[in-house]
Amino acid sequence: MRDQFYAESAAVTRNHWGEGEVYYVGTQPEEAYLRKLLRTIGDHLQLTGIEAFPDGVQITTRTGPNGSFRFILNLSPEPVSIQLKASYTSALDGIDKGPHLKLDGYDIEIVEIKA
């Protein structure tokens, strides 16, 4: 019989912190659950720009005094295709990229997010 100690406890909680929110994940979920959780959080926060991305791809957005930039990294040796919601200007070469973006294996793209 499985241990029922945590049977009545939440696996994921959301709390307000300062002007934002923090999520606590007190479990090791399967990837499908984690993807759904992150999509739900993104929808709740009205995040835009990325529809979906393949395994091995990491995407993060950084905002500073010079604007907001999205870093798209392909950490796999295989080429990938990513569908963006719009076209963006590359911070690396100044060329518009998207909405369909192709990255070679171990490639990176940095695009500027206009307000």
# chains A, B, ... in the order shown; residues from 1 in each chain; ligands from 1
call {"tool": "select_by_dssp", "arguments": {"residues": "region 16-97 of chain A", "states": "alpha helix (DSSP H)", "output": "list in words"}}
result
Glu31, Ala32, Tyr33, Leu34, Arg35, Lys36, Leu37, Leu38, Arg39, Thr40, Ile41, Gly42, Asp43 and His44 of chain A
call {"tool": "residues_around", "arguments": {"residues": "Ala91 (chain A)", "least_positions_apart": "2", "cutoff": "6 Å", "atoms": "only C-alpha atoms", "output": "list in words"}}
result
Asp93, Gly94, Ile110 and Val111 of chain A
call {"tool": "closest_residue", "arguments": {"among": "A:Pro29, A:Gly105, A:Pro99, A:Gly20", "to": "Val57 (chain A)", "atoms": "only C-alpha atoms"}}
result
A:Gly105
call {"tool": "closest_residue", "arguments": {"among": "A:Lys102, A:Arg35, A:Lys114, A:Lys97", "to": "Ser68 (chain A)", "atoms": "only C-alpha atoms"}}
result
A:Lys114
call {"tool": "residues_around", "arguments": {"residues": "Ala115 (chain A)", "least_positions_apart": "4", "cutoff": "12 Å", "atoms": "only C-alpha atoms", "output": "short mmCIF file (atom, residue, chain, number, x, y, z; two decimals) with C-alpha atoms, in the first residue's frame"}}
result
data_model
loop_
_atom_site.label_atom_id
_atom_site.label_comp_id
_atom_site.auth_asym_id
_atom_site.auth_seq_id
_atom_site.Cartn_x
_atom_site.Cartn_y
_atom_site.Cartn_z
CA THR A 48 2.82 35.68 -25.44
CA THR A 63 14.05 42.56 -19.49
CA ASN A 66 17.67 48.35 -23.04
CA GLY A 67 14.40 46.46 -23.56
CA SER A 68 13.14 42.88 -23.52
CA PHE A 69 14.87 40.03 -25.31
CA TYR A 88 10.79 39.51 -34.26
#
call {"tool": "residues_around", "arguments": {"residues": "Glu21 (chain A)", "least_positions_apart": "5", "cutoff": "12 Å", "atoms": "only C-alpha atoms", "output": "number ranges by chain"}}
result
A: 13-16, 41, 44-45
call {"tool": "write_last_selection", "arguments": {"atoms": "N, CA and C atoms", "output": "PDB file, in the first residue's frame"}}
result
ATOM      1  N   THR A  13       1.219  24.886  -5.255  1.00  0.00           N
ATOM      2  CA  THR A  13       0.495  26.022  -4.673  1.00  0.00           C
ATOM      3  C   THR A  13       0.979  27.315  -5.313  1.00  0.00           C
ATOM      4  N   ARG A  14       0.132  28.329  -5.282  1.00  0.00           N
ATOM      5  CA  ARG A  14       0.461  29.668  -5.789  1.00  0.00           C
ATOM      6  C   ARG A  14       0.261  30.653  -4.656  1.00  0.00           C
ATOM      7  N   ASN A  15       1.239  31.502  -4.451  1.00  0.00           N
ATOM      8  CA  ASN A  15       1.165  32.511  -3.395  1.00  0.00           C
ATOM      9  C   ASN A  15       1.582  33.861  -3.952  1.00  0.00           C
ATOM     10  N   HIS A  16       1.021  34.918  -3.371  1.00  0.00           N
ATOM     11  CA  HIS A  16       1.412  36.278  -3.754  1.00  0.00           C
ATOM     12  C   HIS A  16       2.681  36.641  -2.999  1.00  0.00           C
ATOM     13  N   ILE A  41       0.078  28.426 -16.297  1.00  0.00           N
ATOM     14  CA  ILE A  41       0.657  29.622 -15.672  1.00  0.00           C
ATOM     15  C   ILE A  41       0.877  30.700 -16.725  1.00  0.00           C
ATOM     16  N   HIS A  44      -2.398  32.237 -17.587  1.00  0.00           N
ATOM     17  CA  HIS A  44      -2.846  33.072 -16.462  1.00  0.00           C
ATOM     18  C   HIS A  44      -2.129  34.428 -16.471  1.00  0.00           C
ATOM     19  N   LEU A  45      -0.854  34.418 -16.802  1.00  0.00           N
ATOM     20  CA  LEU A  45      -0.054  35.645 -16.817  1.00  0.00           C
ATOM     21  C   LEU A  45      -0.104  36.368 -18.159  1.00  0.00           C
TER      22      LEU A  45
END
call {"tool": "closest_residue", "arguments": {"among": "A:Asp55, A:Glu19, A:Leu75, A:Ala86", "to": "Asp104 (chain A)", "atoms": "only C-alpha atoms"}}
result
A:Leu75
call {"tool": "select_by_dssp", "arguments": {"residues": "region 68-113 of chain A", "states": "strand (DSSP E or B)", "output": "ChimeraX atom specification"}}
result
/A:68-74,80-84,88-90,96-97,100-103,108-113
call {"tool": "write_last_selection", "arguments": {"atoms": "N, CA, C and O atoms", "output": "mmCIF file, in the first residue's frame"}}
result
data_model
loop_
_atom_site.group_PDB
_atom_site.id
_atom_site.type_symbol
_atom_site.label_atom_id
_atom_site.label_comp_id
_atom_site.auth_asym_id
_atom_site.auth_seq_id
_atom_site.Cartn_x
_atom_site.Cartn_y
_atom_site.Cartn_z
ATOM 1 N N SER A 68 13.388 44.295 -23.818
ATOM 2 C CA SER A 68 13.140 42.878 -23.519
ATOM 3 C C SER A 68 13.638 42.030 -24.672
ATOM 4 O O SER A 68 13.419 42.350 -25.845
ATOM 5 N N PHE A 69 14.298 40.922 -24.316
ATOM 6 C CA PHE A 69 14.869 40.031 -25.305
ATOM 7 C C PHE A 69 14.523 38.592 -24.961
ATOM 8 O O PHE A 69 14.546 38.200 -23.797
ATOM 9 N N ARG A 70 14.196 37.809 -25.990
ATOM 10 C CA ARG A 70 13.884 36.398 -25.802
ATOM 11 C C ARG A 70 15.075 35.579 -26.313
ATOM 12 O O ARG A 70 15.496 35.731 -27.454
ATOM 13 N N PHE A 71 15.611 34.737 -25.433
ATOM 14 C CA PHE A 71 16.735 33.862 -25.760
ATOM 15 C C PHE A 71 16.168 32.481 -26.092
ATOM 16 O O PHE A 71 15.488 31.885 -25.264
ATOM 17 N N ILE A 72 16.468 31.986 -27.282
ATOM 18 C CA ILE A 72 15.969 30.690 -27.743
ATOM 19 C C ILE A 72 17.186 29.814 -28.007
ATOM 20 O O ILE A 72 17.978 30.109 -28.904
ATOM 21 N N LEU A 73 17.348 28.759 -27.216
ATOM 22 C CA LEU A 73 18.518 27.889 -27.313
ATOM 23 C C LEU A 73 18.099 26.484 -27.714
ATOM 24 O O LEU A 73 17.201 25.912 -27.104
ATOM 25 N N ASN A 74 18.760 25.951 -28.724
ATOM 26 C CA ASN A 74 18.576 24.548 -29.088
ATOM 27 C C ASN A 74 19.735 23.779 -28.459
ATOM 28 O O ASN A 74 20.870 23.872 -28.920
ATOM 29 N N VAL A 80 15.920 22.048 -35.211
ATOM 30 C CA VAL A 80 14.538 22.134 -34.749
ATOM 31 C C VAL A 80 13.829 23.287 -35.443
ATOM 32 O O VAL A 80 14.465 24.223 -35.920
ATOM 33 N N SER A 81 12.504 23.210 -35.464
ATOM 34 C CA SER A 81 11.662 24.285 -35.967
ATOM 35 C C SER A 81 10.748 24.726 -34.843
ATOM 36 O O SER A 81 10.170 23.893 -34.138
ATOM 37 N N ILE A 82 10.614 26.032 -34.690
ATOM 38 C CA ILE A 82 9.806 26.601 -33.618
ATOM 39 C C ILE A 82 8.815 27.569 -34.236
ATOM 40 O O ILE A 82 9.177 28.385 -35.088
ATOM 41 N N GLN A 83 7.572 27.494 -33.800
ATOM 42 C CA GLN A 83 6.536 28.391 -34.281
ATOM 43 C C GLN A 83 6.374 29.526 -33.279
ATOM 44 O O GLN A 83 6.000 29.299 -32.131
ATOM 45 N N LEU A 84 6.670 30.753 -33.701
ATOM 46 C CA LEU A 84 6.475 31.938 -32.873
ATOM 47 C C LEU A 84 5.124 32.550 -33.203
ATOM 48 O O LEU A 84 4.569 32.302 -34.274
ATOM 49 N N TYR A 88 10.016 38.675 -35.167
ATOM 50 C CA TYR A 88 10.786 39.513 -34.258
ATOM 51 C C TYR A 88 12.120 39.836 -34.922
ATOM 52 O O TYR A 88 12.616 39.078 -35.741
ATOM 53 N N THR A 89 12.726 40.946 -34.513
ATOM 54 C CA THR A 89 14.032 41.328 -35.023
ATOM 55 C C THR A 89 15.122 40.640 -34.217
ATOM 56 O O THR A 89 15.124 40.705 -32.983
ATOM 57 N N SER A 90 16.047 39.992 -34.915
ATOM 58 C CA SER A 90 17.150 39.314 -34.264
ATOM 59 C C SER A 90 18.114 40.334 -33.671
ATOM 60 O O SER A 90 18.522 41.289 -34.339
ATOM 61 N N ASP A 96 14.729 40.147 -39.502
ATOM 62 C CA ASP A 96 13.470 39.663 -38.933
ATOM 63 C C ASP A 96 13.439 38.145 -38.962
ATOM 64 O O ASP A 96 13.783 37.528 -39.976
ATOM 65 N N LYS A 97 13.004 37.545 -37.853
ATOM 66 C CA LYS A 97 12.911 36.087 -37.707
ATOM 67 C C LYS A 97 11.484 35.722 -37.326
ATOM 68 O O LYS A 97 10.863 36.376 -36.510
ATOM 69 N N HIS A 100 8.034 31.448 -38.295
ATOM 70 C CA HIS A 100 8.597 30.092 -38.289
ATOM 71 C C HIS A 100 10.112 30.230 -38.173
ATOM 72 O O HIS A 100 10.762 30.794 -39.046
ATOM 73 N N LEU A 101 10.673 29.717 -37.079
ATOM 74 C CA LEU A 101 12.111 29.846 -36.815
ATOM 75 C C LEU A 101 12.772 28.480 -36.869
ATOM 76 O O LEU A 101 12.302 27.540 -36.231
ATOM 77 N N LYS A 102 13.846 28.379 -37.627
ATOM 78 C CA LYS A 102 14.630 27.144 -37.694
ATOM 79 C C LYS A 102 15.959 27.373 -36.997
ATOM 80 O O LYS A 102 16.616 28.388 -37.224
ATOM 81 N N LEU A 103 16.341 26.422 -36.135
ATOM 82 C CA LEU A 103 17.632 26.477 -35.451
ATOM 83 C C LEU A 103 18.404 25.202 -35.747
ATOM 84 O O LEU A 103 17.854 24.105 -35.653
ATOM 85 N N ILE A 108 21.567 29.139 -31.313
ATOM 86 C CA ILE A 108 20.894 30.107 -30.448
ATOM 87 C C ILE A 108 20.365 31.259 -31.304
ATOM 88 O O ILE A 108 20.941 31.580 -32.338
ATOM 89 N N GLU A 109 19.259 31.812 -30.854
ATOM 90 C CA GLU A 109 18.733 33.039 -31.446
ATOM 91 C C GLU A 109 18.303 33.939 -30.292
ATOM 92 O O GLU A 109 17.802 33.450 -29.267
ATOM 93 N N ILE A 110 18.509 35.220 -30.458
ATOM 94 C CA ILE A 110 18.064 36.218 -29.481
ATOM 95 C C ILE A 110 17.248 37.225 -30.256
ATOM 96 O O ILE A 110 17.744 37.830 -31.210
ATOM 97 N N VAL A 111 15.980 37.401 -29.861
ATOM 98 C CA VAL A 111 15.103 38.336 -30.570
ATOM 99 C C VAL A 111 14.621 39.410 -29.607
ATOM 100 O O VAL A 111 14.467 39.170 -28.413
ATOM 101 N N GLU A 112 14.406 40.593 -30.169
ATOM 102 C CA GLU A 112 13.931 41.712 -29.359
ATOM 103 C C GLU A 112 12.415 41.685 -29.314
ATOM 104 O O GLU A 112 11.748 41.517 -30.332
ATOM 105 N N ILE A 113 11.868 41.843 -28.114
ATOM 106 C CA ILE A 113 10.423 41.884 -27.911
ATOM 107 C C ILE A 113 10.010 43.346 -27.816
ATOM 108 O O ILE A 113 10.388 44.048 -26.878
#
call {"tool": "atom_distance", "arguments": {"atom1": "CA of Glu30 (chain A)", "atom2": "CA of Ala10 (chain A)"}}
result
16.2 Å
call {"tool": "atom_distance", "arguments": {"atom1": "CA of Val12 (chain A)", "atom2": "CA of Gly26 (chain A)"}}
result
6.1 Å
call {"tool": "closest_residue", "arguments": {"among": "A:Gln58, A:Lys36, A:Glu78, A:Ala11", "to": "Tyr24 (chain A)", "atoms": "only C-alpha atoms"}}
result
A:Ala11
